[in-house]
>>> print(open('protein-v6.cif').read())   # mmCIF, C-alpha atoms
data_model
loop_
_atom_site.label_atom_id
_atom_site.label_comp_id
_atom_site.auth_asym_id
_atom_site.auth_seq_id
_atom_site.Cartn_x
_atom_site.Cartn_y
_atom_site.Cartn_z
CA MET A 1 -19.18 23.47 -7.41
CA SER A 2 -15.92 21.60 -6.79
CA ASP A 3 -13.65 20.77 -9.73
CA SER A 4 -13.45 16.98 -9.99
CA PHE A 5 -10.41 17.26 -12.29
CA ALA A 6 -8.49 19.92 -10.36
CA ALA A 7 -5.40 17.78 -9.73
CA LEU A 8 -5.30 16.42 -13.28
CA ARG A 9 -4.74 19.92 -14.63
CA TYR A 10 -1.12 19.73 -13.43
CA ARG A 11 1.19 18.07 -15.97
CA ASP A 12 3.69 16.49 -13.57
CA PHE A 13 0.91 15.02 -11.45
CA ARG A 14 -0.46 13.30 -14.55
CA VAL A 15 2.98 11.84 -15.33
CA TYR A 16 3.37 10.74 -11.71
CA ILE A 17 0.07 8.84 -11.56
CA GLY A 18 0.79 7.26 -14.96
CA THR A 19 4.07 5.96 -13.61
CA ARG A 20 2.34 4.71 -10.49
CA LEU A 21 -0.34 2.92 -12.52
CA PHE A 22 2.21 0.86 -14.45
CA PHE A 23 4.29 0.06 -11.40
CA THR A 24 1.33 -0.82 -9.17
CA PHE A 25 -0.11 -3.08 -11.88
CA ALA A 26 3.15 -5.02 -12.07
CA TYR A 27 3.86 -5.05 -8.34
CA GLN A 28 0.38 -6.23 -7.30
CA MET A 29 0.34 -8.82 -10.04
CA GLN A 30 3.70 -10.15 -8.88
CA THR A 31 2.57 -10.26 -5.24
CA VAL A 32 -0.56 -12.27 -6.06
CA ILE A 33 0.97 -14.83 -8.38
CA THR A 34 4.08 -15.30 -6.24
CA GLY A 35 1.94 -15.92 -3.14
CA PHE A 36 -0.20 -18.45 -4.99
CA TYR A 37 2.92 -20.06 -6.47
CA ILE A 38 4.44 -20.49 -2.99
CA TYR A 39 1.20 -21.97 -1.64
CA HIS A 40 0.98 -24.28 -4.67
CA LEU A 41 4.52 -25.54 -4.02
CA THR A 42 4.30 -25.89 -0.22
CA GLU A 43 0.59 -25.77 0.84
CA SER A 44 1.84 -23.84 3.90
CA VAL A 45 -0.34 -21.09 5.39
CA PHE A 46 2.57 -20.10 7.63
CA LEU A 47 4.81 -19.42 4.61
CA LEU A 48 2.13 -17.17 3.13
CA GLY A 49 2.33 -15.01 6.24
CA LEU A 50 6.12 -15.18 6.27
CA PHE A 51 6.11 -14.06 2.62
CA GLY A 52 4.71 -10.68 3.67
CA LEU A 53 6.99 -10.41 6.68
CA PHE A 54 10.11 -10.80 4.54
CA GLU A 55 9.10 -7.67 2.64
CA ALA A 56 7.96 -5.72 5.68
CA VAL A 57 11.08 -6.19 7.84
CA PRO A 58 13.55 -4.34 5.57
CA ALA A 59 10.89 -1.77 4.67
CA ILE A 60 10.48 -0.95 8.37
CA THR A 61 14.08 -1.20 9.54
CA ILE A 62 15.53 1.20 6.97
CA ALA A 63 12.45 3.36 6.34
CA LEU A 64 13.82 6.27 8.36
CA TYR A 65 17.05 6.23 6.39
CA GLY A 66 14.97 6.15 3.17
CA GLY A 67 13.09 9.24 4.32
CA TYR A 68 16.33 11.04 5.20
CA ILE A 69 17.76 10.26 1.75
CA ALA A 70 14.55 11.41 0.06
CA ASP A 71 14.64 14.77 1.85
CA LYS A 72 18.18 15.54 0.75
CA SER A 73 18.15 13.95 -2.75
CA GLU A 74 16.79 14.70 -6.20
CA LYS A 75 13.55 12.68 -6.30
CA ARG A 76 13.27 11.71 -9.98
CA LYS A 77 16.73 10.16 -10.03
CA MET A 78 15.92 8.34 -6.80
CA LEU A 79 12.71 6.93 -8.28
CA LEU A 80 14.54 5.71 -11.39
CA TRP A 81 17.09 3.82 -9.30
CA ILE A 82 14.32 2.18 -7.25
CA TYR A 83 12.40 1.03 -10.34
CA THR A 84 15.62 -0.35 -11.84
CA ALA A 85 16.31 -2.40 -8.71
CA VAL A 86 12.77 -3.87 -8.69
CA LEU A 87 13.07 -4.63 -12.41
CA LEU A 88 16.25 -6.62 -11.80
CA CYS A 89 14.56 -8.62 -9.01
CA SER A 90 11.66 -9.46 -11.32
CA LEU A 91 14.03 -10.60 -14.04
CA VAL A 92 15.76 -12.95 -11.59
CA LEU A 93 12.38 -14.28 -10.43
CA LEU A 94 11.42 -14.90 -14.05
CA CYS A 95 14.61 -16.89 -14.65
CA VAL A 96 14.44 -19.12 -11.55
CA THR A 97 10.77 -20.06 -12.07
CA MET A 98 11.25 -21.24 -15.65
CA THR A 99 10.68 -24.97 -16.10
CA SER A 100 14.04 -25.38 -17.83
CA VAL A 101 15.83 -23.90 -14.80
CA GLN A 102 13.86 -25.72 -12.09
CA VAL A 103 15.39 -29.07 -13.04
CA PHE A 104 18.67 -27.77 -11.60
CA ILE A 105 17.34 -26.47 -8.27
CA SER A 106 15.20 -28.03 -5.55
CA THR A 107 11.91 -26.62 -4.29
CA ALA A 108 13.55 -25.64 -1.00
CA VAL A 109 16.25 -23.63 -2.80
CA LEU A 110 13.66 -22.03 -5.08
CA ILE A 111 11.61 -20.88 -2.09
CA LYS A 112 14.74 -19.39 -0.49
CA ILE A 113 15.55 -17.46 -3.68
CA ILE A 114 11.99 -16.13 -3.88
CA PHE A 115 12.10 -14.98 -0.27
CA PHE A 116 15.45 -13.28 -0.84
CA LEU A 117 14.01 -11.37 -3.82
CA VAL A 118 11.01 -10.37 -1.71
CA PHE A 119 13.45 -9.09 0.92
CA CYS A 120 15.21 -7.00 -1.74
CA ASN A 121 11.88 -5.54 -2.83
CA GLY A 122 11.28 -4.58 0.80
CA ILE A 123 14.53 -2.61 0.77
CA ALA A 124 13.40 -0.80 -2.39
CA ARG A 125 10.05 -0.02 -0.74
CA ALA A 126 11.79 1.74 2.15
CA PHE A 127 13.01 4.35 -0.36
CA LEU A 128 9.99 4.28 -2.69
CA GLY A 129 7.41 5.52 -0.16
CA PRO A 130 9.25 8.75 0.81
CA ALA A 131 10.17 9.47 -2.84
CA ASN A 132 6.56 9.02 -4.01
CA PHE A 133 5.16 11.10 -1.14
CA THR A 134 7.48 14.01 -1.91
CA ILE A 135 6.95 13.95 -5.69
CA TYR A 136 3.20 13.80 -5.21
CA THR A 137 2.97 16.68 -2.74
CA GLU A 138 5.37 18.89 -4.71
CA SER A 139 3.49 18.31 -7.98
CA LEU A 140 0.32 19.96 -6.60
CA PRO A 141 -0.66 23.07 -4.63
CA LYS A 142 -2.09 22.44 -1.18
CA GLU A 143 -5.65 23.32 -2.21
CA ALA A 144 -5.60 20.37 -4.65
CA TYR A 145 -4.36 17.77 -2.12
CA ALA A 146 -7.76 16.25 -1.33
CA ASN A 147 -8.73 15.96 -5.01
CA GLY A 148 -5.24 14.70 -5.83
CA ASN A 149 -5.53 12.04 -3.14
CA SER A 150 -8.72 10.76 -4.76
CA TRP A 151 -7.09 10.50 -8.19
CA ASN A 152 -3.82 9.14 -6.81
CA SER A 153 -5.61 6.41 -4.88
CA THR A 154 -7.94 5.73 -7.82
CA ILE A 155 -5.00 5.13 -10.13
CA ARG A 156 -3.24 2.99 -7.54
CA GLN A 157 -6.39 0.93 -7.04
CA ALA A 158 -6.86 0.63 -10.81
CA GLY A 159 -3.44 -1.01 -10.92
CA SER A 160 -4.45 -3.15 -7.95
CA ILE A 161 -7.57 -4.28 -9.81
CA LEU A 162 -5.96 -5.02 -13.15
CA GLY A 163 -2.76 -6.55 -11.75
CA PRO A 164 -4.33 -9.37 -9.67
CA ALA A 165 -7.11 -10.01 -12.20
CA VAL A 166 -4.76 -10.24 -15.18
CA GLY A 167 -2.17 -12.09 -13.10
CA GLY A 168 -4.66 -14.74 -12.00
CA ILE A 169 -5.94 -15.25 -15.54
CA VAL A 170 -2.51 -15.35 -17.19
CA TYR A 171 -1.10 -17.64 -14.49
CA GLY A 172 -4.15 -19.91 -14.58
CA TYR A 173 -4.15 -20.36 -18.36
CA PHE A 174 -0.54 -19.77 -19.44
CA GLY A 175 1.62 -20.37 -16.36
CA ILE A 176 3.88 -18.32 -14.14
CA THR A 177 6.51 -17.61 -16.82
CA ALA A 178 4.04 -15.75 -19.04
CA ALA A 179 2.77 -13.78 -16.05
CA LEU A 180 6.30 -12.75 -15.02
CA VAL A 181 7.17 -11.64 -18.57
CA LEU A 182 4.17 -9.32 -18.44
CA ILE A 183 5.29 -8.02 -15.05
CA VAL A 184 8.78 -7.19 -16.36
CA LEU A 185 7.27 -5.29 -19.31
CA PHE A 186 5.08 -3.13 -17.08
CA ILE A 187 7.90 -2.31 -14.65
CA LEU A 188 9.93 -1.24 -17.69
CA MET A 189 7.03 0.98 -18.79
CA ALA A 190 6.94 2.58 -15.33
CA LEU A 191 10.69 3.23 -15.55
CA ILE A 192 10.36 4.88 -18.98
CA THR A 193 7.39 7.01 -17.87
CA ALA A 194 9.26 8.22 -14.79
CA CYS A 195 11.93 9.69 -17.11
CA PHE A 196 9.35 12.33 -18.13
CA LEU A 197 9.00 13.70 -14.59
CA LYS A 198 10.68 17.02 -13.94
CA LYS A 199 13.57 17.12 -11.50
CA TYR A 200 12.70 17.61 -7.82
CA PRO A 201 15.81 19.02 -6.11
CA PRO A 202 16.16 18.69 -2.32
CA VAL A 203 14.59 21.38 -0.14
CA PHE A 204 16.33 20.10 2.98
CA THR A 205 20.02 20.58 3.70
CA PRO A 206 21.13 18.74 6.86
CA LYS A 207 22.65 21.10 9.41
CA GLU A 208 23.04 18.45 12.07
CA ASN A 209 24.15 14.84 12.06
CA PHE A 210 22.13 11.99 10.61
CA TRP A 211 20.61 10.86 13.91
CA LYS A 212 19.42 14.34 14.90
CA SER A 213 17.80 14.76 11.48
CA LEU A 214 15.91 11.50 11.91
CA ALA A 215 14.93 12.41 15.45
CA GLY A 216 13.40 15.65 14.14
CA GLY A 217 11.00 13.73 11.90
CA ILE A 218 10.05 11.28 14.64
CA GLN A 219 9.47 14.03 17.19
CA PHE A 220 7.31 15.98 14.75
CA VAL A 221 5.00 12.99 14.24
CA PHE A 222 4.70 12.09 17.91
CA ARG A 223 4.02 15.70 18.94
CA ASN A 224 1.02 15.94 16.62
CA LYS A 225 -1.90 14.14 18.26
CA MET A 226 -4.16 13.99 15.22
CA MET A 227 -1.43 12.61 12.96
CA LEU A 228 -0.38 10.07 15.57
CA GLY A 229 -4.00 9.07 16.19
CA ALA A 230 -4.72 8.51 12.49
CA MET A 231 -1.57 6.43 12.06
CA SER A 232 -2.20 4.35 15.17
CA LEU A 233 -5.80 3.66 14.19
CA ASP A 234 -4.76 2.43 10.76
CA LEU A 235 -1.86 0.41 12.16
CA PHE A 236 -3.94 -1.64 14.58
CA ALA A 237 -6.96 -1.96 12.28
CA VAL A 238 -4.85 -3.28 9.40
CA PHE A 239 -2.63 -5.40 11.64
CA PHE A 240 -5.52 -7.31 13.19
CA GLY A 241 -7.95 -6.97 10.27
CA GLY A 242 -5.52 -7.97 7.53
CA PHE A 243 -6.59 -11.06 5.60
CA VAL A 244 -5.02 -10.66 2.14
CA ALA A 245 -2.37 -13.32 2.79
CA LEU A 246 -5.14 -15.85 3.46
CA LEU A 247 -6.96 -15.26 0.17
CA PRO A 248 -5.09 -18.14 -1.58
CA VAL A 249 -6.45 -20.45 1.14
CA PHE A 250 -10.01 -19.19 0.59
CA ALA A 251 -9.60 -19.50 -3.20
CA ASN A 252 -8.04 -22.96 -3.13
CA ASP A 253 -9.58 -24.75 -0.13
CA ILE A 254 -12.76 -22.96 1.02
CA LEU A 255 -14.39 -21.42 -2.07
CA LYS A 256 -12.52 -23.74 -4.49
CA VAL A 257 -12.17 -21.22 -7.34
CA GLY A 258 -8.45 -21.61 -8.17
CA PRO A 259 -6.00 -18.90 -9.29
CA GLN A 260 -8.59 -17.29 -11.58
CA GLY A 261 -10.93 -16.85 -8.63
CA LEU A 262 -8.06 -15.54 -6.52
CA GLY A 263 -7.37 -12.85 -9.11
CA LEU A 264 -11.04 -11.81 -9.03
CA MET A 265 -11.05 -11.74 -5.23
CA ARG A 266 -8.02 -9.46 -5.13
CA ALA A 267 -9.51 -7.33 -7.88
CA SER A 268 -12.88 -7.01 -6.08
CA THR A 269 -11.27 -5.23 -3.13
CA SER A 270 -9.63 -2.73 -5.46
CA ALA A 271 -12.79 -2.36 -7.55
CA GLY A 272 -14.67 -1.21 -4.46
CA ALA A 273 -11.86 1.18 -3.63
CA ILE A 274 -11.67 2.71 -7.08
CA LEU A 275 -15.45 3.25 -7.34
CA VAL A 276 -15.56 5.03 -3.98
CA MET A 277 -12.43 7.03 -4.83
CA LEU A 278 -14.08 8.28 -8.03
CA LEU A 279 -17.16 9.26 -6.06
CA MET A 280 -14.98 11.14 -3.60
CA THR A 281 -13.51 13.31 -6.38
CA LYS A 282 -16.99 14.85 -6.43
CA TYR A 283 -18.28 14.22 -2.90
CA SER A 284 -15.45 14.80 -0.45
CA PRO A 285 -15.58 13.15 3.01
CA MET A 286 -13.44 15.94 4.45
CA HIS A 287 -16.33 18.02 5.85
CA LYS A 288 -16.06 15.92 9.04
CA PRO A 289 -12.93 13.86 8.41
CA TRP A 290 -12.40 12.27 11.82
CA ARG A 291 -16.00 11.10 12.17
CA ASN A 292 -15.95 9.69 8.63
CA LEU A 293 -12.61 8.00 9.27
CA LEU A 294 -14.02 6.05 12.23
CA LEU A 295 -17.18 5.14 10.32
CA ALA A 296 -15.13 3.86 7.38
CA ILE A 297 -12.96 1.60 9.54
CA THR A 298 -16.08 0.30 11.30
CA GLY A 299 -17.51 -0.69 7.92
CA PHE A 300 -14.17 -2.30 7.04
CA GLY A 301 -14.24 -4.43 10.19
CA LEU A 302 -17.82 -5.59 9.61
CA SER A 303 -17.00 -6.53 6.01
CA ILE A 304 -14.07 -8.65 7.19
CA ILE A 305 -16.21 -10.56 9.70
CA CYS A 306 -18.89 -11.32 7.12
CA PHE A 307 -16.30 -12.36 4.53
CA GLY A 308 -14.75 -14.78 7.00
CA ILE A 309 -18.00 -16.70 7.48
CA SER A 310 -19.20 -16.54 3.85
CA LYS A 311 -19.27 -19.79 1.91
CA ASN A 312 -20.62 -18.28 -1.32
CA PHE A 313 -18.09 -17.02 -3.87
CA TYR A 314 -20.25 -14.16 -5.16
CA LEU A 315 -21.17 -12.96 -1.67
CA SER A 316 -17.46 -13.08 -0.80
CA LEU A 317 -16.68 -10.94 -3.85
CA PHE A 318 -19.28 -8.37 -2.74
CA LEU A 319 -17.88 -8.25 0.79
CA LEU A 320 -14.36 -7.79 -0.54
CA PHE A 321 -15.73 -5.03 -2.79
CA ALA A 322 -17.29 -3.34 0.28
CA SER A 323 -14.10 -3.66 2.35
CA GLY A 324 -12.14 -1.96 -0.43
CA GLY A 325 -14.63 0.90 -0.55
CA PHE A 326 -14.48 1.50 3.19
CA ASP A 327 -10.69 1.30 3.19
CA SER A 328 -10.44 3.87 0.39
CA VAL A 329 -12.26 6.43 2.56
CA ASN A 330 -9.75 5.70 5.31
CA MET A 331 -6.82 6.15 2.89
CA LEU A 332 -8.04 9.45 1.46
CA ILE A 333 -8.78 11.06 4.82
CA ARG A 334 -5.57 9.83 6.44
CA GLY A 335 -3.45 10.85 3.44
CA THR A 336 -4.92 14.34 3.32
CA ILE A 337 -4.38 14.81 7.06
CA MET A 338 -0.72 13.80 6.70
CA GLN A 339 -0.10 16.14 3.77
CA LEU A 340 -1.75 19.13 5.42
CA LEU A 341 0.22 18.70 8.63
CA THR A 342 3.67 18.06 7.13
CA PRO A 343 6.09 20.93 6.27
CA ASP A 344 7.94 20.70 2.92
CA THR A 345 11.37 20.27 4.54
CA MET A 346 10.28 17.14 6.44
CA ARG A 347 8.13 15.28 3.91
CA GLY A 348 10.60 12.43 3.34
CA ARG A 349 11.26 11.76 7.02
CA VAL A 350 7.61 12.10 8.07
CA SER A 351 6.60 9.81 5.20
CA ALA A 352 9.17 7.29 6.43
CA VAL A 353 7.72 7.35 9.94
CA THR A 354 4.17 6.93 8.62
CA SER A 355 5.27 4.08 6.35
CA MET A 356 6.63 2.26 9.39
CA PHE A 357 3.17 2.55 10.95
CA ILE A 358 1.00 2.08 7.88
CA ASP A 359 2.57 0.75 4.68
CA SER A 360 4.27 -2.22 6.32
CA SER A 361 1.37 -2.97 8.65
CA ASN A 362 -0.24 -4.85 5.77
CA GLU A 363 2.61 -7.36 5.54
CA ILE A 364 2.98 -7.65 9.31
CA GLY A 365 -0.77 -8.13 9.50
CA ASP A 366 -0.45 -10.85 6.87
CA PHE A 367 2.15 -12.60 9.03
CA GLU A 368 -0.14 -12.29 12.05
CA SER A 369 -3.05 -13.69 10.01
CA GLY A 370 -0.98 -16.60 8.72
CA THR A 371 0.31 -17.43 12.20
CA VAL A 372 -3.12 -17.23 13.84
CA ALA A 373 -4.70 -19.20 10.99
CA GLY A 374 -2.13 -21.93 11.54
CA LEU A 375 -3.14 -22.08 15.21
CA ILE A 376 -6.94 -21.73 15.18
CA GLY A 377 -7.93 -22.12 11.52
CA THR A 378 -8.37 -19.73 8.59
CA VAL A 379 -12.02 -18.72 9.13
CA PRO A 380 -11.73 -18.09 12.91
CA ALA A 381 -8.56 -16.03 12.30
CA VAL A 382 -10.38 -13.69 9.90
CA VAL A 383 -13.46 -13.33 12.13
CA VAL A 384 -11.40 -12.64 15.27
CA GLY A 385 -9.33 -10.08 13.35
CA GLY A 386 -12.48 -8.23 12.29
CA CYS A 387 -13.78 -8.18 15.87
CA ILE A 388 -10.49 -6.74 17.15
CA THR A 389 -10.68 -4.05 14.45
CA LEU A 390 -14.10 -2.97 15.75
CA THR A 391 -12.72 -2.91 19.29
CA VAL A 392 -9.86 -0.64 18.20
CA VAL A 393 -12.35 1.75 16.60
CA GLY A 394 -14.40 1.85 19.81
CA ILE A 395 -11.36 2.65 21.95
CA THR A 396 -10.21 5.33 19.50
CA TYR A 397 -13.66 6.96 19.53
CA CYS A 398 -13.63 7.21 23.31
CA LYS A 399 -10.20 8.87 23.28
CA THR A 400 -10.73 11.29 20.37
CA LYS A 401 -14.29 12.59 20.74
CA LYS A 402 -13.07 16.19 20.46
CA TYR A 403 -12.10 15.62 16.81
CA MET A 404 -15.52 14.31 15.74
CA SER A 405 -16.91 17.72 14.74
CA PHE A 406 -13.73 19.02 13.09
CA SER A 407 -13.78 20.16 9.45
CA ILE A 408 -10.82 20.24 7.07
CA GLY A 409 -10.21 23.87 8.02
CA ASP A 410 -9.57 22.82 11.61
CA ILE A 411 -6.64 20.60 10.64
CA HIS A 412 -3.35 22.38 11.26
CA PRO A 413 -0.06 21.56 13.04
CA GLU A 414 -1.13 23.11 16.33
CA ILE A 415 -3.86 20.49 16.87
#
>>> encode(input="protein-v6.cif", output="structure tokens")
Amino acid sequence: MSDSFAALRYRDFRVYIGTRLFFTFAYQMQTVITGFYIYHLTESVFLLGLFGLFEAVPAITIALYGGYIADKSEKRKMLLWIYTAVLLCSLVLLCVTMTSVQVFISTAVLIKIIFFLVFCNGIARAFLGPANFTIYTESLPKEAYANGNSWNSTIRQAGSILGPAVGGIVYGYFGITAALVLIVLFILMALITACFLKKYPPVFTPKENFWKSLAGGIQFVFRNKMMLGAMSLDLFAVFFGGFVALLPVFANDILKVGPQGLGLMRASTSAGAILVMLLMTKYSPMHKPWRNLLLAITGFGLSIICFGISKNFYLSLFLLFASGGFDSVNMLIRGTIMQLLTPDTMRGRVSAVTSMFIDSSNEIGDFESGTVAGLIGTVPAVVVGGCITLTVVGITYCKTKKYMSFSIGDIHPEI
């Protein structure tokens, strides 16, 4: 019988996921309330999409440098600097959104400040992903990766549930200032918790120049067909199937449930993810990972299409719940594949390459959704995105049939 708590038996892994819980809670809460705040001020769907793009652009453009720094740096110190930078951005956001301050600045200037702070958070994210990936993988032995992925994603989704739900409620009843105070407190808690991590010294010493080191990470990823296939599948599915940026429109104009309903909608997606993640600590999908990966993304695409045409709030919550569950299977399988195929000396750079494909595809997908929604309408944009996701899955299936029967033991760098 598999040990459902295998990863939690390692002390530094427990500290790591505690840190991630606090930070994810604050970060997701800030994303939700800031997006709703921008839409409340401007009623612009295009700006909602642009909001995500402003974070994604710096995260993508300097991701490779972030991975290079992570490989050759002490990881705990790096994480502390990142959390400090995000904390400062949140403090500035708190100050400029106070009613007493807004009398001195126009709405246009306020929006520009918010977008600048989002851009700064994108820079921090370029370094955060590689640092997190390395700390996580070095805090566990390889045989605990799959179980660790379940717990890691469960904790992250728990923060993603609580953050939007609490953010929507606090914002709806007490205003944005109270919500931002809570965000600052939780980022501070993440910073304090990270101090209890052990030091993770670099295992990579550059023997060539910066550009050759980066090229090594890129070449490794593109030589490995399974890794490249998993990343490409997620990139296109999330890019075309992304709809998170449009949730304020559904909450405000279509379902008419306000910021409280928006918080529940964001939380429903994460609730589905966390339930399935907990189930996967006991029932692993890694017996036939590639087949299960394609099935999960198919379910994700169907959920998106049905959500787009739903006019009932409770049905919409269920469909968001289902989409989160399907996406969690995708995340666990993809994450385990990446960890098994990546050597210790390249984890930062490989993580940076994957983040360019995956982590920022959400924000770029949000920009695509906002742009398309501005052209053809919100509901058609979501439905079309879901249909394209299913098309991507079909094309991937035709090109990767040989992986369908693979088990976890068949996953190695020579594939």
>>> closest_residue(input="protein-v6.cif", among="A:Val92, A:Leu246, A:Ile60, A:Ile17", to="Thr371 (chain A)", atoms="all atoms listed in the file")
A:Leu246
>>> resolve_selection(input="protein-v6.cif", expression="the PyMOL selection byres ((chain A and resi 158) around 10)", output="short mmCIF file (atom, residue, chain, number, x, y, z; two decimals) with C-alpha atoms, in the frame of the given file")
data_model
loop_
_atom_site.label_atom_id
_atom_site.label_comp_id
_atom_site.auth_asym_id
_atom_site.auth_seq_id
_atom_site.Cartn_x
_atom_site.Cartn_y
_atom_site.Cartn_z
CA LEU A 21 -0.34 2.92 -12.52
CA PHE A 22 2.21 0.86 -14.45
CA THR A 24 1.33 -0.82 -9.17
CA PHE A 25 -0.11 -3.08 -11.88
CA ASN A 152 -3.82 9.14 -6.81
CA SER A 153 -5.61 6.41 -4.88
CA THR A 154 -7.94 5.73 -7.82
CA ILE A 155 -5.00 5.13 -10.13
CA ARG A 156 -3.24 2.99 -7.54
CA GLN A 157 -6.39 0.93 -7.04
CA GLY A 159 -3.44 -1.01 -10.92
CA SER A 160 -4.45 -3.15 -7.95
CA ILE A 161 -7.57 -4.28 -9.81
CA LEU A 162 -5.96 -5.02 -13.15
CA GLY A 163 -2.76 -6.55 -11.75
CA ALA A 267 -9.51 -7.33 -7.88
CA SER A 270 -9.63 -2.73 -5.46
CA ALA A 271 -12.79 -2.36 -7.55
CA ALA A 273 -11.86 1.18 -3.63
CA ILE A 274 -11.67 2.71 -7.08
CA LEU A 275 -15.45 3.25 -7.34
#
>>> closest_residue(input="protein-v6.cif", among="A:Pro141, A:Gly35, A:Pro58, A:Gly129", to="Ile111 (chain A)", atoms="all atoms listed in the file")
A:Gly35
>>> residues_around(input="protein-v6.cif", residues="Val118 (chain A)", least_positions_apart="2", cutoff="12 Å", atoms="all atoms listed in the file", output="short mmCIF file (atom, residue, chain, number, x, y, z; two decimals) with C-alpha atoms, in the frame of the given file")
data_model
loop_
_atom_site.label_atom_id
_atom_site.label_comp_id
_atom_site.auth_asym_id
_atom_site.auth_seq_id
_atom_site.Cartn_x
_atom_site.Cartn_y
_atom_site.Cartn_z
CA TYR A 27 3.86 -5.05 -8.34
CA GLN A 30 3.70 -10.15 -8.88
CA THR A 31 2.57 -10.26 -5.24
CA THR A 34 4.08 -15.30 -6.24
CA GLY A 35 1.94 -15.92 -3.14
CA LEU A 50 6.12 -15.18 6.27
CA PHE A 51 6.11 -14.06 2.62
CA GLY A 52 4.71 -10.68 3.67
CA LEU A 53 6.99 -10.41 6.68
CA PHE A 54 10.11 -10.80 4.54
CA GLU A 55 9.10 -7.67 2.64
CA ALA A 56 7.96 -5.72 5.68
CA VAL A 57 11.08 -6.19 7.84
CA PRO A 58 13.55 -4.34 5.57
CA ALA A 59 10.89 -1.77 4.67
CA ALA A 85 16.31 -2.40 -8.71
CA VAL A 86 12.77 -3.87 -8.69
CA LEU A 88 16.25 -6.62 -11.80
CA CYS A 89 14.56 -8.62 -9.01
CA SER A 90 11.66 -9.46 -11.32
CA VAL A 92 15.76 -12.95 -11.59
CA LEU A 93 12.38 -14.28 -10.43
CA ILE A 111 11.61 -20.88 -2.09
CA LYS A 112 14.74 -19.39 -0.49
CA ILE A 113 15.55 -17.46 -3.68
CA ILE A 114 11.99 -16.13 -3.88
CA PHE A 115 12.10 -14.98 -0.27
CA PHE A 116 15.45 -13.28 -0.84
CA CYS A 120 15.21 -7.00 -1.74
CA ASN A 121 11.88 -5.54 -2.83
CA GLY A 122 11.28 -4.58 0.80
CA ILE A 123 14.53 -2.61 0.77
CA ALA A 124 13.40 -0.80 -2.39
CA ARG A 125 10.05 -0.02 -0.74
CA GLU A 363 2.61 -7.36 5.54
#
>>> residues_near_point(input="protein-v6.cif", point="(-21.6, 15.7, 9.2)", cutoff="10 Å", atoms="only C-alpha atoms", output="list in words")
Pro285, Met286, His287, Lys288, Pro289, Arg291, Asn292, Met404, Ser405, Phe406 and Ser407 of chain A
>>> closest_residue(input="protein-v6.cif", among="A:Gln219, A:Ser328, A:Thr389, A:Asn312", to="Thr298 (chain A)", atoms="all atoms listed in the file")
A:Thr389
>>> closest_residue(input="protein-v6.cif", among="A:Arg334, A:His40, A:Lys311, A:Arg76", to="Leu191 (chain A)", atoms="all atoms listed in the file")
A:Arg76
